[in-house]
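For reference, the structure discussed in these notes is given below.
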Amino acid sequence: MPPLRIYDRLAPVYDLLSASERPFRRRALGLLALTPADAFLEIGCGSGRDVALAAARARRAVGVDLAFLMLCAAQRRLKSAPAALVQADAAALPFAPACFHAVYLSFTLELLPPPVQQQALAEARRVLAPGGRAAVVCLARSERPGTAERIYGWFHRRFPRVVDCAPICPAQVLGEAGFAVLAREAGSLWRLPVEILLAG
């Protein structure tokens, strides 16, 4: 896991730093097509912006994060929203099996080492009810990386605690975890490939 201190330090300015991610996050939430009957879980909820949006659409909304000060920022945002926040590890979720209809991970999987990615996705599958769906947004790895990707990769290798997202092949990662990809969209964030996937 990346050092939690980095995310605790970023908590006061995280919304500003992540503003360019919002269109991708909104699109992923749209693909989940939440209804008032749904229970929603975000793994890696950060400052709680997306949990707040989900809380307005779903019967129950829960956000999980390991960084305490991020959860404090989320709590301030969620004062008037019917959502719950839990400090927990993505690889060991403190929930009963099959208790959520929708699970959401936005720019979270690529923060985790590959073995932990699979543990987190196994947990996501465990807590999903039959017929449930998962939405994933992440930096994606290209077969032929462009200049921006190569530069980003160099910084990630040299300064992994600061440039901490390692682009992944999300369809492959989800498939290895037993998910079936139902929809897949591609975009670009600062010339870095981004993918949005809906899986079940």
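Following the order of the structure tokens, chains are lettered A, B, ..., residues in each are numbered from 1, and ligands are numbered from 1.
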
- Task: For segment 174-191 of chain A, work out the shell of residues within 9 Å, counting only C-alpha atoms and skipping chain neighbours fewer than 5 positions away, then give it as an MDAnalysis selection string.
- Result: chainID A and resid 20:21 24 31 117:119 121:122 125 134 139:140 146:149 169 196:200

- Query: Which polymer residues have any atom within 10 Å of an atom of Ala124 of chain A, counting only C-alpha atoms, with same-chain residues fewer than 5 positions away left out, as a VMD selection string?
  - Reply: chain A and resid 41 to 43 90 to 93 97 to 98 100 102 to 105 118 to 119 129 133 to 134 177

For all heavy atoms, I'd like the residues from the last selection saved as a compact mmCIF listing (two decimals), in the first residue's frame.
```
# COMPACT_ATOMS: atom_id res chain seq x y z
N LEU A 41 -21.22 0.56 -2.36
CA LEU A 41 -19.96 0.60 -1.63
C LEU A 41 -18.88 1.20 -2.51
O LEU A 41 -18.67 0.74 -3.64
CB LEU A 41 -19.53 -0.81 -1.20
CG LEU A 41 -18.12 -0.92 -0.60
CD1 LEU A 41 -18.03 -0.21 0.75
CD2 LEU A 41 -17.70 -2.39 -0.45
N GLU A 42 -18.18 2.22 -2.00
CA GLU A 42 -17.00 2.71 -2.68
C GLU A 42 -15.77 2.28 -1.90
O GLU A 42 -15.65 2.56 -0.70
CB GLU A 42 -17.00 4.23 -2.83
CG GLU A 42 -15.73 4.70 -3.53
CD GLU A 42 -15.67 6.18 -3.82
OE1 GLU A 42 -16.57 6.92 -3.38
OE2 GLU A 42 -14.71 6.61 -4.50
N ILE A 43 -14.85 1.62 -2.59
CA ILE A 43 -13.58 1.20 -2.00
C ILE A 43 -12.53 2.24 -2.37
O ILE A 43 -12.23 2.43 -3.56
CB ILE A 43 -13.18 -0.20 -2.51
CG1 ILE A 43 -14.24 -1.23 -2.12
CG2 ILE A 43 -11.82 -0.60 -1.96
CD1 ILE A 43 -14.01 -2.61 -2.73
N ALA A 90 -8.87 -2.37 1.81
CA ALA A 90 -9.61 -2.91 0.67
C ALA A 90 -9.48 -4.43 0.57
O ALA A 90 -10.37 -5.10 0.03
CB ALA A 90 -9.10 -2.28 -0.63
N ALA A 91 -8.39 -4.98 1.11
CA ALA A 91 -8.16 -6.41 1.02
C ALA A 91 -8.81 -7.19 2.15
O ALA A 91 -8.72 -8.42 2.19
CB ALA A 91 -6.66 -6.70 1.00
N ALA A 92 -9.48 -6.49 3.06
CA ALA A 92 -10.15 -7.17 4.18
C ALA A 92 -11.36 -6.34 4.59
O ALA A 92 -11.36 -5.70 5.65
CB ALA A 92 -9.19 -7.36 5.35
N LEU A 93 -12.38 -6.35 3.77
CA LEU A 93 -13.55 -5.52 4.02
C LEU A 93 -14.38 -6.07 5.18
O LEU A 93 -14.65 -7.27 5.24
CB LEU A 93 -14.42 -5.45 2.77
CG LEU A 93 -13.78 -4.79 1.55
CD1 LEU A 93 -14.70 -4.92 0.33
CD2 LEU A 93 -13.45 -3.32 1.82
N PRO A 97 -21.04 -11.16 3.45
CA PRO A 97 -21.15 -11.49 2.03
C PRO A 97 -22.47 -11.00 1.43
O PRO A 97 -23.50 -10.93 2.12
CB PRO A 97 -21.07 -13.02 2.01
CG PRO A 97 -20.39 -13.39 3.28
CD PRO A 97 -20.82 -12.35 4.28
N ALA A 98 -22.39 -10.65 0.16
CA ALA A 98 -23.58 -10.35 -0.65
C ALA A 98 -24.46 -9.25 -0.06
O ALA A 98 -25.68 -9.33 -0.12
CB ALA A 98 -24.40 -11.63 -0.85
N PHE A 100 -24.03 -5.82 -0.84
CA PHE A 100 -24.07 -4.64 -1.68
C PHE A 100 -24.49 -5.01 -3.10
O PHE A 100 -24.18 -6.10 -3.58
CB PHE A 100 -22.70 -3.94 -1.73
CG PHE A 100 -22.28 -3.33 -0.43
CD1 PHE A 100 -21.41 -4.00 0.42
CD2 PHE A 100 -22.77 -2.09 -0.03
CE1 PHE A 100 -21.02 -3.45 1.62
CE2 PHE A 100 -22.39 -1.52 1.18
CZ PHE A 100 -21.52 -2.21 2.01
N ALA A 102 -23.85 -2.71 -5.66
CA ALA A 102 -22.92 -1.99 -6.52
C ALA A 102 -21.64 -1.68 -5.75
O ALA A 102 -21.69 -1.20 -4.62
CB ALA A 102 -23.55 -0.70 -7.02
N VAL A 103 -20.51 -1.98 -6.37
CA VAL A 103 -19.20 -1.68 -5.80
C VAL A 103 -18.46 -0.80 -6.80
O VAL A 103 -18.50 -1.04 -8.01
CB VAL A 103 -18.40 -2.95 -5.50
CG1 VAL A 103 -16.97 -2.61 -5.09
CG2 VAL A 103 -19.07 -3.77 -4.41
N TYR A 104 -17.75 0.19 -6.27
CA TYR A 104 -17.14 1.22 -7.12
C TYR A 104 -15.71 1.48 -6.65
O TYR A 104 -15.46 1.67 -5.47
CB TYR A 104 -18.00 2.47 -6.97
CG TYR A 104 -17.50 3.74 -7.58
CD1 TYR A 104 -17.59 3.98 -8.94
CD2 TYR A 104 -16.99 4.76 -6.77
CE1 TYR A 104 -17.18 5.19 -9.50
CE2 TYR A 104 -16.58 5.97 -7.30
CZ TYR A 104 -16.67 6.17 -8.67
OH TYR A 104 -16.26 7.36 -9.20
N LEU A 105 -14.77 1.46 -7.61
CA LEU A 105 -13.36 1.77 -7.33
C LEU A 105 -12.89 2.77 -8.36
O LEU A 105 -12.88 2.47 -9.56
CB LEU A 105 -12.48 0.52 -7.40
CG LEU A 105 -12.77 -0.62 -6.43
CD1 LEU A 105 -13.67 -1.66 -7.09
CD2 LEU A 105 -11.47 -1.27 -5.98
N GLN A 118 -5.76 -8.26 -6.50
CA GLN A 118 -6.61 -9.45 -6.57
C GLN A 118 -7.33 -9.71 -5.26
O GLN A 118 -8.49 -10.12 -5.24
CB GLN A 118 -5.76 -10.67 -6.97
CG GLN A 118 -5.31 -10.64 -8.42
CD GLN A 118 -6.47 -10.58 -9.39
OE1 GLN A 118 -7.42 -11.36 -9.29
NE2 GLN A 118 -6.44 -9.65 -10.34
N GLN A 119 -6.67 -9.42 -4.14
CA GLN A 119 -7.33 -9.57 -2.84
C GLN A 119 -8.50 -8.59 -2.72
O GLN A 119 -9.58 -8.94 -2.24
CB GLN A 119 -6.33 -9.35 -1.71
CG GLN A 119 -5.26 -10.42 -1.62
CD GLN A 119 -4.15 -10.04 -0.66
OE1 GLN A 119 -4.27 -9.09 0.12
NE2 GLN A 119 -3.05 -10.75 -0.71
N ALA A 129 -23.87 -8.79 -4.01
CA ALA A 129 -25.01 -9.70 -4.08
C ALA A 129 -25.09 -10.32 -5.48
O ALA A 129 -24.54 -9.77 -6.44
CB ALA A 129 -26.29 -8.93 -3.78
N ARG A 133 -23.14 -5.40 -9.60
CA ARG A 133 -22.21 -4.92 -10.60
C ARG A 133 -21.13 -4.07 -9.94
O ARG A 133 -21.33 -3.52 -8.85
CB ARG A 133 -22.92 -4.15 -11.70
CG ARG A 133 -23.65 -2.89 -11.27
CD ARG A 133 -25.12 -3.12 -11.06
NE ARG A 133 -25.82 -1.88 -10.79
CZ ARG A 133 -26.77 -1.78 -9.87
NH1 ARG A 133 -27.12 -2.82 -9.12
NH2 ARG A 133 -27.37 -0.62 -9.67
N ALA A 134 -19.99 -4.02 -10.64
CA ALA A 134 -18.85 -3.25 -10.17
C ALA A 134 -18.42 -2.28 -11.26
O ALA A 134 -18.42 -2.62 -12.44
CB ALA A 134 -17.70 -4.17 -9.80
N ALA A 177 -9.82 -11.91 -11.60
CA ALA A 177 -10.56 -11.95 -10.33
C ALA A 177 -11.93 -12.58 -10.48
O ALA A 177 -12.69 -12.66 -9.51
CB ALA A 177 -10.70 -10.54 -9.77
```

- Task: May I have the residues within 8 Å of Pro82 of chain A as JSON, numbers by chain, using only C-alpha atoms and disregarding those fewer than 4 positions away in the same chain?
- Result: {"A": [55, 56, 60, 61, 78]}

Produce a file of the selected residues containing N, CA and C atoms, as a PDB file, in the first residue's frame.
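Wrote it out as again.pdb, contents follow:
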```
ATOM      1  N   ALA A  55     -25.138   8.522  -2.455  1.00  0.00           N
ATOM      2  CA  ALA A  55     -26.122   8.552  -1.367  1.00  0.00           C
ATOM      3  C   ALA A  55     -27.431   9.196  -1.800  1.00  0.00           C
ATOM      4  N   ALA A  56     -27.355  10.064  -2.804  1.00  0.00           N
ATOM      5  CA  ALA A  56     -28.573  10.714  -3.293  1.00  0.00           C
ATOM      6  C   ALA A  56     -29.380   9.798  -4.208  1.00  0.00           C
ATOM      7  N   ARG A  60     -28.635   2.846   0.351  1.00  0.00           N
ATOM      8  CA  ARG A  60     -27.558   2.835   1.334  1.00  0.00           C
ATOM      9  C   ARG A  60     -26.253   3.101   0.606  1.00  0.00           C
ATOM     10  N   ALA A  61     -25.418   3.968   1.162  1.00  0.00           N
ATOM     11  CA  ALA A  61     -24.119   4.272   0.562  1.00  0.00           C
ATOM     12  C   ALA A  61     -23.054   4.199   1.645  1.00  0.00           C
ATOM     13  N   LEU A  78     -20.127  14.783   4.182  1.00  0.00           N
ATOM     14  CA  LEU A  78     -21.306  13.933   4.272  1.00  0.00           C
ATOM     15  C   LEU A  78     -22.204  14.261   5.460  1.00  0.00           C
TER      16      LEU A  78
END
```

- Task: Report the residues of segment 5-170 of chain A whose backbone DSSP state falls under helix (DSSP H, G or I), written as a PyMOL selection string.
- Result: chain A and resi 5-17+19-32+49-55+68-80+109-111+114-127+147-158+170

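Nearest to Val127 of chain A of all the residues A:Cys99, A:Val86, A:Leu29, A:Ala81 is A:Cys99, based on only C-alpha atoms.
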
- Message: Which residue is closest to Gln172 of chain A? Choose from A:Arg141, A:Arg158, A:Arg22, A:Arg76 and count only C-alpha atoms.
- Response: A:Arg141

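Atom pair atom CA of Glu110 of chain A / atom CA of Arg57 of chain A has a distance of 27.0 Å (rounded to one decimal).
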
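Interatomic distance, atom CA of Asp65 of chain A to atom CA of Val136 of chain A: 15.8 Å.
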
- Message: as a PyMOL selection string, please: every residue in chain A that a backbone DSSP assignment puts in strand (DSSP E or B).
- Response: chain A and resi 39-43+60-65+83-87+100-106+128-140+168+181-189+192-199

Store the residues of this selection in a file with N, CA and C atoms, as a compact mmCIF listing (two decimals), in the first residue's frame.
```txt
# COMPACT_ATOMS: atom_id res chain seq x y z
N ALA A 39 -27.79 -0.94 -2.51
CA ALA A 39 -26.78 -0.65 -1.50
C ALA A 39 -25.46 -0.50 -2.24
N PHE A 40 -24.76 0.60 -2.00
CA PHE A 40 -23.58 1.01 -2.77
C PHE A 40 -22.36 1.04 -1.86
N LEU A 41 -21.22 0.56 -2.36
CA LEU A 41 -19.96 0.60 -1.63
C LEU A 41 -18.88 1.20 -2.51
N GLU A 42 -18.18 2.22 -2.00
CA GLU A 42 -17.00 2.71 -2.68
C GLU A 42 -15.77 2.28 -1.90
N ILE A 43 -14.85 1.62 -2.59
CA ILE A 43 -13.58 1.20 -2.00
C ILE A 43 -12.53 2.24 -2.37
N ARG A 60 -28.63 2.85 0.35
CA ARG A 60 -27.56 2.84 1.33
C ARG A 60 -26.25 3.10 0.61
N ALA A 61 -25.42 3.97 1.16
CA ALA A 61 -24.12 4.27 0.56
C ALA A 61 -23.05 4.20 1.64
N VAL A 62 -21.98 3.48 1.35
CA VAL A 62 -20.88 3.29 2.30
C VAL A 62 -19.57 3.59 1.58
N GLY A 63 -18.70 4.33 2.25
CA GLY A 63 -17.37 4.59 1.72
C GLY A 63 -16.32 4.00 2.64
N VAL A 64 -15.32 3.37 2.04
CA VAL A 64 -14.22 2.76 2.79
C VAL A 64 -12.92 3.41 2.36
N ASP A 65 -12.07 3.75 3.32
CA ASP A 65 -10.73 4.23 3.01
C ASP A 65 -9.83 3.88 4.18
N ALA A 83 -25.01 8.64 4.38
CA ALA A 83 -23.96 7.70 4.00
C ALA A 83 -23.13 7.36 5.23
N ALA A 84 -22.45 6.21 5.16
CA ALA A 84 -21.59 5.76 6.26
C ALA A 84 -20.15 5.69 5.76
N LEU A 85 -19.20 5.92 6.67
CA LEU A 85 -17.78 5.85 6.35
C LEU A 85 -17.11 4.86 7.28
N VAL A 86 -16.20 4.07 6.72
CA VAL A 86 -15.53 3.02 7.50
C VAL A 86 -14.04 3.05 7.16
N GLN A 87 -13.21 3.06 8.19
CA GLN A 87 -11.77 2.94 7.96
C GLN A 87 -11.43 1.46 7.87
N PHE A 100 -24.03 -5.82 -0.84
CA PHE A 100 -24.07 -4.64 -1.68
C PHE A 100 -24.49 -5.01 -3.10
N HIS A 101 -25.19 -4.10 -3.75
CA HIS A 101 -25.60 -4.32 -5.14
C HIS A 101 -24.64 -3.67 -6.12
N ALA A 102 -23.85 -2.71 -5.66
CA ALA A 102 -22.92 -1.99 -6.52
C ALA A 102 -21.64 -1.68 -5.75
N VAL A 103 -20.51 -1.98 -6.37
CA VAL A 103 -19.20 -1.68 -5.80
C VAL A 103 -18.46 -0.80 -6.80
N TYR A 104 -17.75 0.19 -6.27
CA TYR A 104 -17.14 1.22 -7.12
C TYR A 104 -15.71 1.48 -6.65
N LEU A 105 -14.77 1.46 -7.61
CA LEU A 105 -13.36 1.77 -7.33
C LEU A 105 -12.89 2.77 -8.36
N SER A 106 -12.51 3.95 -7.92
CA SER A 106 -12.09 5.00 -8.83
C SER A 106 -10.66 5.43 -8.53
N LEU A 128 -20.52 -8.47 -3.02
CA LEU A 128 -21.54 -8.20 -4.02
C LEU A 128 -22.65 -9.25 -3.97
N ALA A 129 -23.87 -8.79 -4.01
CA ALA A 129 -25.01 -9.70 -4.08
C ALA A 129 -25.09 -10.32 -5.48
N PRO A 130 -25.75 -11.46 -5.61
CA PRO A 130 -25.94 -12.04 -6.94
C PRO A 130 -26.57 -11.03 -7.89
N GLY A 131 -26.01 -10.94 -9.07
CA GLY A 131 -26.49 -9.96 -10.03
C GLY A 131 -25.94 -8.56 -9.81
N GLY A 132 -25.08 -8.40 -8.81
CA GLY A 132 -24.50 -7.09 -8.54
C GLY A 132 -23.51 -6.68 -9.61
N ARG A 133 -23.14 -5.40 -9.60
CA ARG A 133 -22.21 -4.92 -10.60
C ARG A 133 -21.13 -4.07 -9.94
N ALA A 134 -19.99 -4.02 -10.64
CA ALA A 134 -18.85 -3.25 -10.17
C ALA A 134 -18.42 -2.28 -11.26
N ALA A 135 -18.06 -1.07 -10.86
CA ALA A 135 -17.52 -0.09 -11.79
C ALA A 135 -16.10 0.26 -11.36
N VAL A 136 -15.20 0.28 -12.32
CA VAL A 136 -13.79 0.57 -12.06
C VAL A 136 -13.34 1.67 -13.00
N VAL A 137 -12.67 2.66 -12.44
CA VAL A 137 -12.01 3.71 -13.23
C VAL A 137 -10.54 3.66 -12.87
N CYS A 138 -9.67 3.65 -13.88
CA CYS A 138 -8.25 3.56 -13.56
C CYS A 138 -7.38 4.08 -14.71
N LEU A 139 -6.14 4.40 -14.36
CA LEU A 139 -5.14 4.65 -15.38
C LEU A 139 -4.82 3.32 -16.05
N ALA A 140 -4.83 3.31 -17.37
CA ALA A 140 -4.64 2.07 -18.12
C ALA A 140 -3.27 2.05 -18.79
N ILE A 168 -2.53 -0.04 -15.18
CA ILE A 168 -2.79 -1.47 -15.26
C ILE A 168 -3.60 -1.80 -16.51
N VAL A 181 -16.45 -8.49 -17.87
CA VAL A 181 -16.57 -7.10 -18.27
C VAL A 181 -17.82 -6.93 -19.13
N LEU A 182 -18.70 -6.04 -18.72
CA LEU A 182 -19.97 -5.81 -19.41
C LEU A 182 -19.92 -4.59 -20.32
N ALA A 183 -19.11 -3.61 -19.96
CA ALA A 183 -18.96 -2.40 -20.76
C ALA A 183 -17.58 -1.83 -20.49
N ARG A 184 -17.03 -1.18 -21.52
CA ARG A 184 -15.67 -0.67 -21.40
C ARG A 184 -15.54 0.60 -22.23
N GLU A 185 -15.07 1.67 -21.61
CA GLU A 185 -14.89 2.94 -22.29
C GLU A 185 -13.48 3.45 -22.05
N ALA A 186 -12.96 4.17 -23.02
CA ALA A 186 -11.59 4.68 -22.93
C ALA A 186 -11.60 6.20 -23.01
N GLY A 187 -10.65 6.80 -22.31
CA GLY A 187 -10.49 8.24 -22.35
C GLY A 187 -9.04 8.59 -22.11
N SER A 188 -8.79 9.87 -21.87
CA SER A 188 -7.42 10.35 -21.66
C SER A 188 -7.42 11.41 -20.59
N LEU A 189 -6.48 11.31 -19.67
CA LEU A 189 -6.31 12.28 -18.58
C LEU A 189 -4.88 12.79 -18.63
N LEU A 192 -2.70 10.63 -20.53
CA LEU A 192 -2.53 9.27 -20.01
C LEU A 192 -3.84 8.51 -20.23
N PRO A 193 -3.77 7.28 -20.71
CA PRO A 193 -4.99 6.51 -20.97
C PRO A 193 -5.75 6.21 -19.68
N VAL A 194 -7.06 6.36 -19.75
CA VAL A 194 -7.96 6.02 -18.65
C VAL A 194 -9.03 5.08 -19.18
N GLU A 195 -9.37 4.07 -18.39
CA GLU A 195 -10.48 3.18 -18.78
C GLU A 195 -11.54 3.16 -17.70
N ILE A 196 -12.78 3.07 -18.15
CA ILE A 196 -13.94 2.92 -17.27
C ILE A 196 -14.58 1.61 -17.63
N LEU A 197 -14.75 0.73 -16.66
CA LEU A 197 -15.30 -0.58 -16.93
C LEU A 197 -16.46 -0.87 -16.00
N LEU A 198 -17.48 -1.50 -16.55
CA LEU A 198 -18.58 -2.04 -15.77
C LEU A 198 -18.46 -3.55 -15.83
N ALA A 199 -18.50 -4.20 -14.68
CA ALA A 199 -18.30 -5.65 -14.62
C ALA A 199 -19.35 -6.28 -13.71
```

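In this model, the gap between atom CA of Asp50 of chain A and atom CA of Ser142 of chain A comes to 27.1 Å.
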
- Excluding Gly48 of chain A and any residue of its chain fewer than 3 positions from it, enumerate the residues within 6 Å of it, using only C-alpha atoms, and give them as a list in words. Cys45, Val51 and Ala74 of chain A

What would the file look like if the residues just selected were written as a compact mmCIF listing (two decimals), in the first residue's frame with N, CA and C atoms?
```txt
# COMPACT_ATOMS: atom_id res chain seq x y z
N CYS A 45 -12.62 5.68 -0.92
CA CYS A 45 -13.57 6.79 -1.14
C CYS A 45 -12.94 8.17 -1.02
N VAL A 51 -19.23 9.19 -2.88
CA VAL A 51 -20.17 8.59 -1.93
C VAL A 51 -21.36 9.51 -1.71
N ALA A 74 -14.06 13.45 4.26
CA ALA A 74 -15.31 12.89 3.75
C ALA A 74 -16.45 13.09 4.74
```

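Contact shell of Arg77 of chain A at 9 Å (only C-alpha atoms; same-chain neighbours under 5 positions omitted): Ser47, Gly48, Arg49, Ala52 and Cys72 of chain A.
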
Include N, CA and C atoms and write out the residues we just selected as an mmCIF file, in the first residue's frame.
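The file below, result-v1.cif, is the result:
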```cif
data_model
loop_
_atom_site.group_PDB
_atom_site.id
_atom_site.type_symbol
_atom_site.label_atom_id
_atom_site.label_comp_id
_atom_site.auth_asym_id
_atom_site.auth_seq_id
_atom_site.Cartn_x
_atom_site.Cartn_y
_atom_site.Cartn_z
ATOM 1 N N SER A 47 -12.064 11.738 -0.278
ATOM 2 C CA SER A 47 -12.745 12.832 0.408
ATOM 3 C C SER A 47 -14.264 12.730 0.332
ATOM 4 N N GLY A 48 -14.788 11.644 -0.231
ATOM 5 C CA GLY A 48 -16.217 11.351 -0.131
ATOM 6 C C GLY A 48 -17.113 11.967 -1.179
ATOM 7 N N ARG A 49 -16.544 12.597 -2.186
ATOM 8 C CA ARG A 49 -17.382 13.264 -3.187
ATOM 9 C C ARG A 49 -18.319 12.283 -3.882
ATOM 10 N N ALA A 52 -21.094 10.804 -1.663
ATOM 11 C CA ALA A 52 -22.188 11.766 -1.499
ATOM 12 C C ALA A 52 -23.137 11.724 -2.692
ATOM 13 N N CYS A 72 -11.873 11.923 7.487
ATOM 14 C CA CYS A 72 -12.335 13.126 8.197
ATOM 15 C C CYS A 72 -12.865 14.153 7.199
#
```

- Nearest to Pro114 of chain A among A:Arg27, A:Ala88, A:Pro170, A:Pro36, with distances taken over only C-alpha atoms: which residue is it? A:Pro170

- Item | Selected residue, from A:Leu32, A:Ala67, A:Val116, A:Cys165, that lies nearest to Gly44 of chain A when counting only C-alpha atoms | A:Ala67
